[in-house]
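Enquirer: So that we are looking at the same thing, I have put the structure below in structure tokens.
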Amino acid sequence: MAKARVATRLNVAAERYREILDRHDAEELRTLAHTKRFLERYVADPRFRSKLQEKPDAPQLVAEAYGIAIDPSQALPLFSTDHMRFRFSEEEARWPVAKTWDDYQSEMAECRMLHQRAGDCADASPRFDAWRQRQIRRARGELGAMGSVITHPILAFELSAGCTVGCWFCGVSAGRFRGNFVYSVENARLWRTILDHCVDLFGTAAQIGFCYWATDPTDNPDYPRFIADYHTVTGSLPQTTTAAPLKNPAFTREILRLSDQHRCVINRFSILTLRMLDAVHAVFSAEELMKVDLVLQNRESLTSKAIVGRARERAQPAAPGRPVSTPIADPDHSTICCVSGFLVNMVDRSIQLVTPTRCSDRWPLGYRVFGERRFATAPEFRAGVEELIDAHMPEEIASADVLSFRDDLTYHRKPNSFELRTRNGHFALGGFPGAGRLGDMIHKSGMTAGEIQAVLTRSGADIFVIADVMQQLFDRGLLSEDPKLGGIGSAVVDQKGRVLAVLGKSPRRTVQEENDKS
Amino acid sequence: MSSAEVERFVSDLKADAKLQADVQANAASVPALLQFAKERGYDITIDDIREHARSQNQELTDEQLDTALGGRSSPFSFLFPFQGGFQGGFS
């Protein structure tokens, strides 16, 4: 059994969040809470938007009618298209409410980056950390704008099987509810021991996890006890997202109370209908929801939906004569997955190694699954995690690895170099003999690292330069690790490191074919 | 330890087909190459290899725009940074 180890370090992101809030006096916090409520109402509710347009000289009266205690004319850059250019500029000070809100948002963006960095664990688990850093770099390029806001938590625990909410747009296509992981004596012991193992394996990075996925926390009445244990063992209370905050307001308030008590990063409620927004605003005060993001999923909302999972199925052409409900599309909002690490279902006793990706026919749920293990006991859980690390997280390129660039990259050959372009950046490599040809061989795919190296060294390239450059390409997440395309880390190996099978397919070319060209 | 040993290995590799075949089969990465060379009597360190490799004028530039701060197309994106952006506006 893992050595029981209560983490003594606090969650740095949660601490920073608390510092941000503590810097504001009560009046400023009230302004922020009501600005937030104003924006929620504005974004979600077309009636509210119409009323503001009807009374451009008296927006405060419109806001007051909804119990919102700010003067919208002091917040114009936040919602008026004529004023948005002033956001984050010095001139924004002319609208003090907008300025206060945007200063707060800038601090929160920094907080989000702290949350991502809190998952770093190079000392505790160097192989896992190197893998996660590659996934973070890959996601930044592959997912466009969304790629840089994902925090890549390392753990997600499902405390139920399936979900009772059944959102039509569910980005992870949650299945029907089948049951809960009950907080029995035996299960509680298993849970705490598994968390002990996580701390033992990943150190304080184990704090960066949460306890839902294709599940809703409100389905499990024992959810508050499980997350309280998570805090006890790791030193951090997990963030909560629910699409049913009104199912049992006392339950929801208990989660909010725990969040206040143990300092938690921001929680989230998914808002499914305008009527639900009305009810949530009626049941919870603006101040209560200051630390809760409302994810405005109602059909009237100005927000875009991720076209992934069930929303993607719904966006496909319908049968003849059937109406199609097509969500607002944002091409960069293509996954709701944020975990680069282990997705654990405590009912089914399964562990999957996952990372976010752009949804496609290949990955319709917006995340890649590298492998899966089952467990019955805590030691088996640990063994499963370690096996997944061993099988899918090489730290260096092996001679037998077939190299190819990520399929989202665009390849451009230059005379003695090459470039790789992503949605939001580019990489260029050159300056040494064989650079262009190296790019060509990886671009065309099908050759192993050893074969590429041999072709290039035979034509005069320096073997150490080639090895160093290939490793840099790998470390920066530019080489394919997609398990369905036979990327690096797809190989199923036995305990002696022998390759038993390669997941996915990759066209194979021979070294002779390449040599024939030279 | 010396760059001379690195040069010697590179030179021997060009001249020895068997050595080339062994490298191709076993040593694609820098650590694997290091072990391979050491096992064959070359006195090389990881720092020698890195210094040698990085002195060969290789240039890998990496330019990614940080789209988290204002790089999104939607002007509303910063209201709720944990979510996606949203379209529309009040004028």
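Convention: chains lettered A, B, ... in structure tokens order; per-chain residue numbering from 1; ligands numbered from 1 as shown.
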Where does chain A meet chain B within 6 Å, residue by residue, with the nearest atom pair and distance in Å to one decimal for each, counting only C-alpha atoms, listed by chain and rising number, as a tab-separated table?
Expert:
residue	atom	partner	partner_atom	distance
A:Phe79	CA	B:Phe90	CA	5.8
A:Ser80	CA	B:Phe90	CA	4.4
A:Thr81	CA	B:Ser91	CA	5.0
A:Asp82	CA	B:Ser91	CA	5.7
A:Ala145	CA	B:Thr67	CA	5.2
A:Ser148	CA	B:Ala68	CA	5.5
A:Val149	CA	B:Ala68	CA	5.9
A:Leu302	CA	B:Phe86	CA	5.2
A:Thr303	CA	B:Phe86	CA	3.7
A:Ser304	CA	B:Phe86	CA	5.1
A:Ile397	CA	B:Ser29	CA	5.6
A:Ala398	CA	B:Ala28	CA	5.6
A:Ser399	CA	B:Ala28	CA	4.7
A:Asn424	CA	B:Leu65	CA	5.5
A:Gly425	CA	B:Gln64	CA	4.1
A:His426	CA	B:Glu63	CA	5.4
A:Phe427	CA	B:Asp62	CA	4.7
A:Ala428	CA	B:Thr61	CA	5.2
A:Leu429	CA	B:Leu60	CA	4.5
A:Gly430	CA	B:Glu59	CA	5.4
A:Gly431	CA	B:Gln58	CA	4.5
A:Phe432	CA	B:Gln58	CA	5.3
A:Ala449	CA	B:Ala28	CA	6.0
A:Gly450	CA	B:Gln24	CA	4.3
A:Ala454	CA	B:Gln24	CA	5.8
A:Phe464	CA	B:Ala53	CA	5.7
A:Val465	CA	B:Ala53	CA	4.5
A:Ala467	CA	B:Ser29	CA	5.2
Enquirer: For the residues in the current selection, export C-alpha atoms as a compact mmCIF listing (two decimals), in the first residue's frame.
Expert:
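Contents of part34.txt, freshly written:
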# COMPACT_ATOMS: atom_id res chain seq x y z
CA PHE A 79 -20.99 44.80 -24.08
CA SER A 80 -21.30 47.70 -26.51
CA THR A 81 -19.71 46.96 -29.87
CA ASP A 82 -18.96 50.68 -30.27
CA ALA A 145 -7.62 29.75 -29.37
CA SER A 148 -4.12 28.10 -24.57
CA VAL A 149 -6.98 28.24 -22.06
CA LEU A 302 -24.64 34.36 -27.44
CA THR A 303 -22.02 31.84 -26.40
CA SER A 304 -20.79 29.25 -28.83
CA ILE A 397 12.69 8.43 -29.76
CA ALA A 398 13.51 4.78 -30.37
CA SER A 399 15.14 3.50 -33.56
CA ASN A 424 -1.56 30.13 -34.37
CA GLY A 425 2.15 29.82 -34.94
CA HIS A 426 4.96 28.32 -36.90
CA PHE A 427 8.19 26.43 -36.42
CA ALA A 428 11.19 26.56 -38.73
CA LEU A 429 14.14 24.22 -38.80
CA GLY A 430 17.32 24.48 -40.82
CA GLY A 431 20.96 25.54 -40.74
CA PHE A 432 22.58 22.10 -41.01
CA ALA A 449 13.95 7.05 -36.83
CA GLY A 450 16.82 4.62 -37.38
CA ALA A 454 20.97 6.10 -41.68
CA PHE A 464 24.49 13.73 -33.44
CA VAL A 465 22.82 16.74 -35.02
CA ALA A 467 19.48 12.76 -33.21
Enquirer: Gly341 (chain A): which residues within 8 Å, counting only C-alpha atoms, same-chain residues fewer than 5 positions away excluded, as a ChimeraX atom specification?
Expert: /A:132,152-155,353-355
Enquirer: So that I can check the secondary structure, give me every residue of region 7-252 of chain A assigned strand (DSSP E or B) by backbone DSSP, as an MDAnalysis selection string.
Expert: chainID A and resid 80 155:158 160:161 163 176 179:180 209:210 239 241:242
Enquirer: So that I can see what lies close to Arg40 (chain B), please list as a list in words the residues with an atom at most 10 Å from it, counting only C-alpha atoms and leaving out residues fewer than 3 positions away in the same chain.
Expert: Phe9, Leu19, Gln35, Phe36, Ala37 and Asp43 of chain B
Enquirer: Those residues with N, CA and C atoms, as a short mmCIF file (atom, residue, chain, number, x, y, z; two decimals), in the first residue's frame please?
Expert:
data_model
loop_
_atom_site.label_atom_id
_atom_site.label_comp_id
_atom_site.auth_asym_id
_atom_site.auth_seq_id
_atom_site.Cartn_x
_atom_site.Cartn_y
_atom_site.Cartn_z
N PHE B 9 34.12 9.56 -33.52
CA PHE B 9 32.98 8.66 -33.69
C PHE B 9 32.27 8.93 -35.03
N LEU B 19 29.15 -0.54 -38.33
CA LEU B 19 28.83 0.42 -37.27
C LEU B 19 27.55 1.19 -37.63
N GLN B 35 25.20 5.94 -25.09
CA GLN B 35 25.47 4.60 -24.55
C GLN B 35 26.16 3.72 -25.59
N PHE B 36 25.67 3.81 -26.80
CA PHE B 36 26.24 3.03 -27.91
C PHE B 36 27.73 3.36 -28.08
N ALA B 37 28.06 4.65 -28.09
CA ALA B 37 29.45 5.07 -28.30
C ALA B 37 30.33 4.66 -27.13
N ASP B 43 35.14 8.04 -25.48
CA ASP B 43 35.03 8.76 -24.21
C ASP B 43 34.23 10.06 -24.44
#
Enquirer: Would you mind reading off the distance between CA of Arg138 (chain A) and CA of Arg437 (chain A), one decimal, in Å?
Expert: 23.3 Å
Enquirer: Just the number, please: distance in Å from CA of Val295 (chain A) to CA of Cys170 (chain A), one decimal.
Expert: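 Interatomic distance, CA of Val295 (chain A) to CA of Cys170 (chain A): 12.8 Å.
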Enquirer: Please list as a CSV table (one decimal) with N, CA and C atoms, in the first residue's frame every residue within 8 Å of region 11-13 of chain A, counting only C-alpha atoms and excluding residues in the same chain fewer than 4 positions away.
Expert:
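The result, written out as around-v6.csv:
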chain,number,residue,atom,x,y,z
A,17,TYR,N,-6.1,32.8,-6.1
A,17,TYR,CA,-7.5,33.2,-6.4
A,17,TYR,C,-8.0,33.9,-5.1
A,111,CYS,N,-4.2,33.4,-12.9
A,111,CYS,CA,-4.5,32.3,-12.0
A,111,CYS,C,-4.7,31.0,-12.8
A,112,ARG,N,-5.3,31.1,-14.0
A,112,ARG,CA,-5.5,29.9,-14.8
A,112,ARG,C,-4.1,29.3,-15.2
A,114,LEU,N,-1.4,29.6,-13.5
A,114,LEU,CA,-0.9,28.9,-12.3
A,114,LEU,C,-1.5,27.5,-12.1
A,115,HIS,N,-2.7,27.4,-12.4
A,115,HIS,CA,-3.4,26.2,-12.3
A,115,HIS,C,-2.8,25.1,-13.2
A,118,ALA,N,0.6,24.1,-11.9
A,118,ALA,CA,0.5,23.3,-10.7
A,118,ALA,C,0.4,21.8,-11.0
A,204,THR,N,2.4,17.0,-5.5
A,204,THR,CA,1.4,18.0,-5.3
A,204,THR,C,0.6,18.2,-6.6
A,207,GLN,N,-3.1,17.5,-6.8
A,207,GLN,CA,-4.1,18.4,-6.5
A,207,GLN,C,-4.9,18.9,-7.7
A,235,GLY,N,-4.5,18.0,-0.2
A,235,GLY,CA,-4.3,19.4,0.2
A,235,GLY,C,-5.1,20.3,-0.6
A,236,SER,N,-6.0,19.8,-1.5
A,236,SER,CA,-6.7,20.7,-2.4
A,236,SER,C,-8.1,20.2,-2.6
A,265,VAL,N,-10.5,26.7,-6.5
A,265,VAL,CA,-10.7,27.5,-7.7
A,265,VAL,C,-12.1,27.5,-8.1
Enquirer: From the set A:Met108, A:Ile351, A:Leu478, A:Ala282, which residue has the shortest atom-to-atom contact distance to Ile20 (chain A), counting only C-alpha atoms?
Expert: A:Met108
Enquirer: Quick one: DSSP helix (DSSP H, G or I) residues in region 355-512 of chain A, as a compact mmCIF listing (two decimals) with N, CA and C atoms, in the first residue's frame?
Expert:
# COMPACT_ATOMS: atom_id res chain seq x y z
N ALA A 378 -6.58 -0.96 -4.73
CA ALA A 378 -5.71 0.21 -4.87
C ALA A 378 -4.35 -0.15 -5.47
N PRO A 379 -3.72 -1.25 -5.05
CA PRO A 379 -2.44 -1.61 -5.70
C PRO A 379 -2.61 -1.87 -7.20
N GLU A 380 -3.75 -2.44 -7.58
CA GLU A 380 -3.99 -2.65 -9.02
C GLU A 380 -4.19 -1.32 -9.75
N PHE A 381 -4.81 -0.37 -9.05
CA PHE A 381 -4.95 0.97 -9.63
C PHE A 381 -3.56 1.54 -9.92
N ARG A 382 -2.70 1.47 -8.93
CA ARG A 382 -1.36 2.01 -9.12
C ARG A 382 -0.62 1.29 -10.24
N ALA A 383 -0.75 -0.02 -10.25
CA ALA A 383 -0.07 -0.79 -11.30
C ALA A 383 -0.61 -0.40 -12.68
N GLY A 384 -1.92 -0.16 -12.77
CA GLY A 384 -2.52 0.24 -14.04
C GLY A 384 -1.97 1.57 -14.53
N VAL A 385 -1.87 2.53 -13.61
CA VAL A 385 -1.31 3.84 -13.98
C VAL A 385 0.14 3.69 -14.44
N GLU A 386 0.89 2.92 -13.70
CA GLU A 386 2.31 2.74 -14.05
C GLU A 386 2.47 2.02 -15.39
N GLU A 387 1.59 1.07 -15.65
CA GLU A 387 1.64 0.37 -16.95
C GLU A 387 1.34 1.32 -18.09
N LEU A 388 0.37 2.20 -17.90
CA LEU A 388 0.03 3.16 -18.96
C LEU A 388 1.20 4.11 -19.21
N ILE A 389 1.87 4.51 -18.15
CA ILE A 389 3.05 5.37 -18.31
C ILE A 389 4.14 4.62 -19.08
N ASP A 390 4.38 3.38 -18.67
CA ASP A 390 5.43 2.59 -19.33
C ASP A 390 5.11 2.37 -20.81
N ALA A 391 3.83 2.11 -21.11
CA ALA A 391 3.47 1.74 -22.48
C ALA A 391 3.40 2.92 -23.43
N HIS A 392 3.03 4.10 -22.91
CA HIS A 392 2.70 5.19 -23.84
C HIS A 392 3.49 6.48 -23.64
N ALA A 435 18.84 19.15 -43.44
CA ALA A 435 17.64 19.62 -42.73
C ALA A 435 16.38 19.45 -43.60
N GLY A 436 16.48 19.90 -44.85
CA GLY A 436 15.31 19.82 -45.72
C GLY A 436 14.89 18.37 -45.97
N ARG A 437 15.86 17.53 -46.15
CA ARG A 437 15.55 16.12 -46.44
C ARG A 437 14.96 15.43 -45.20
N LEU A 438 15.47 15.82 -44.05
CA LEU A 438 14.89 15.28 -42.81
C LEU A 438 13.40 15.62 -42.75
N GLY A 439 13.08 16.88 -43.05
CA GLY A 439 11.67 17.29 -43.05
C GLY A 439 10.86 16.49 -44.04
N ASP A 440 11.41 16.30 -45.24
CA ASP A 440 10.68 15.54 -46.27
C ASP A 440 10.37 14.12 -45.82
N MET A 441 11.38 13.48 -45.23
CA MET A 441 11.17 12.07 -44.85
C MET A 441 10.14 11.94 -43.74
N ILE A 442 10.18 12.87 -42.78
CA ILE A 442 9.18 12.79 -41.70
C ILE A 442 7.80 13.15 -42.26
N HIS A 443 7.78 14.14 -43.15
CA HIS A 443 6.51 14.59 -43.74
C HIS A 443 5.83 13.46 -44.51
N LYS A 444 6.63 12.73 -45.30
CA LYS A 444 6.04 11.65 -46.10
C LYS A 444 5.70 10.44 -45.24
N ALA A 449 12.90 6.10 -37.21
CA ALA A 449 13.95 7.05 -36.83
C ALA A 449 15.32 6.51 -37.23
N GLY A 450 15.52 5.22 -37.02
CA GLY A 450 16.82 4.62 -37.38
C GLY A 450 17.08 4.70 -38.87
N GLU A 451 16.06 4.45 -39.65
CA GLU A 451 16.22 4.51 -41.11
C GLU A 451 16.50 5.93 -41.59
N ILE A 452 15.80 6.88 -41.05
CA ILE A 452 16.02 8.29 -41.43
C ILE A 452 17.44 8.70 -41.10
N GLN A 453 17.84 8.31 -39.90
CA GLN A 453 19.20 8.65 -39.46
C GLN A 453 20.23 8.04 -40.41
N ALA A 454 20.01 6.79 -40.81
CA ALA A 454 20.97 6.10 -41.68
C ALA A 454 21.06 6.77 -43.04
N VAL A 455 19.91 7.13 -43.61
CA VAL A 455 19.90 7.78 -44.93
C VAL A 455 20.66 9.10 -44.86
N LEU A 456 20.41 9.85 -43.83
CA LEU A 456 21.03 11.17 -43.74
C LEU A 456 22.52 11.09 -43.44
N THR A 457 22.91 10.19 -42.57
CA THR A 457 24.35 10.11 -42.26
C THR A 457 25.12 9.59 -43.47
N ARG A 458 24.49 8.69 -44.22
CA ARG A 458 25.17 8.20 -45.43
C ARG A 458 25.39 9.32 -46.44
N ILE A 463 25.44 12.65 -37.41
CA ILE A 463 24.49 11.80 -36.69
C ILE A 463 24.00 12.42 -35.39
N PHE A 464 24.89 13.15 -34.71
CA PHE A 464 24.49 13.73 -33.44
C PHE A 464 23.52 14.89 -33.65
N VAL A 465 23.75 15.64 -34.71
CA VAL A 465 22.82 16.74 -35.02
C VAL A 465 21.44 16.17 -35.35
N ILE A 466 21.41 15.13 -36.16
CA ILE A 466 20.12 14.53 -36.53
C ILE A 466 19.39 14.01 -35.28
N ALA A 467 20.11 13.30 -34.43
CA ALA A 467 19.48 12.76 -33.21
C ALA A 467 18.97 13.88 -32.32
N ASP A 468 19.77 14.92 -32.18
CA ASP A 468 19.38 16.04 -31.32
C ASP A 468 18.15 16.75 -31.88
N VAL A 469 18.13 16.95 -33.19
CA VAL A 469 17.01 17.65 -33.81
C VAL A 469 15.73 16.81 -33.73
N MET A 470 15.84 15.52 -33.98
CA MET A 470 14.64 14.66 -33.89
C MET A 470 14.07 14.71 -32.47
N GLN A 471 14.96 14.71 -31.48
CA GLN A 471 14.49 14.77 -30.10
C GLN A 471 13.81 16.11 -29.81
N GLN A 472 14.38 17.18 -30.37
CA GLN A 472 13.74 18.50 -30.16
C GLN A 472 12.35 18.54 -30.78
N LEU A 473 12.23 17.96 -31.97
CA LEU A 473 10.91 17.92 -32.62
C LEU A 473 9.91 17.14 -31.76
N PHE A 474 10.39 16.05 -31.17
CA PHE A 474 9.54 15.23 -30.30
C PHE A 474 9.16 16.00 -29.03
N ASP A 475 10.16 16.59 -28.38
CA ASP A 475 9.91 17.29 -27.12
C ASP A 475 8.94 18.45 -27.31
N PRO A 483 -2.52 7.77 -31.16
CA PRO A 483 -2.51 6.30 -31.14
C PRO A 483 -3.29 5.67 -32.27
N LYS A 484 -4.24 6.40 -32.84
CA LYS A 484 -4.99 5.82 -33.96
C LYS A 484 -4.26 6.00 -35.29
N LEU A 485 -3.16 6.73 -35.28
CA LEU A 485 -2.36 6.88 -36.49
C LEU A 485 -1.00 6.20 -36.34
N VAL A 511 13.66 2.14 -46.45
CA VAL A 511 14.87 2.94 -46.56
C VAL A 511 15.45 2.85 -47.97
N GLN A 512 15.24 1.70 -48.63
CA GLN A 512 15.75 1.54 -50.00
C GLN A 512 15.07 2.54 -50.94
Enquirer: May I have the residues within 8 Å of Phe88 (chain A) as a list in words, using only C-alpha atoms and disregarding those fewer than 6 positions away in the same chain?
Expert: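 Those residues are Lys99, Asp102 and Asp103 of chain A.
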Enquirer: Using only C-alpha atoms, which protein or nucleic acid residues come within 8 Å of Ala214 (chain A)? Drop anything in the same chain fewer than 2 positions from it, and give the result as a list in words.
Expert: Glu158, Gly162, Cys163, Val172, Ser173, Ala174, Gly175, Tyr212 and Asp216 of chain A
Enquirer: Once you have the residues from the selection above, write them out as a PDB file, in the first residue's frame, restricted to C-alpha atoms.
Expert:
ATOM      1  CA  GLU A 158     -16.067   9.704 -12.117  1.00  0.00           C
ATOM      2  CA  GLY A 162     -23.487   7.637 -16.556  1.00  0.00           C
ATOM      3  CA  CYS A 163     -25.485  10.783 -15.904  1.00  0.00           C
ATOM      4  CA  VAL A 172     -18.584  13.777 -23.947  1.00  0.00           C
ATOM      5  CA  SER A 173     -21.843  11.996 -24.860  1.00  0.00           C
ATOM      6  CA  ALA A 174     -22.511  10.826 -21.316  1.00  0.00           C
ATOM      7  CA  GLY A 175     -24.400   7.550 -21.175  1.00  0.00           C
ATOM      8  CA  TYR A 212     -16.741  14.402 -12.654  1.00  0.00           C
ATOM      9  CA  ASP A 216     -22.900  15.009 -12.756  1.00  0.00           C
TER      10      ASP A 216
END
Enquirer: Quote the spacing between CA of Gly486 (chain A) and CA of Asn416 (chain A) in Å to one decimal place.
Expert: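 Those two atoms sit 28.4 Å apart.
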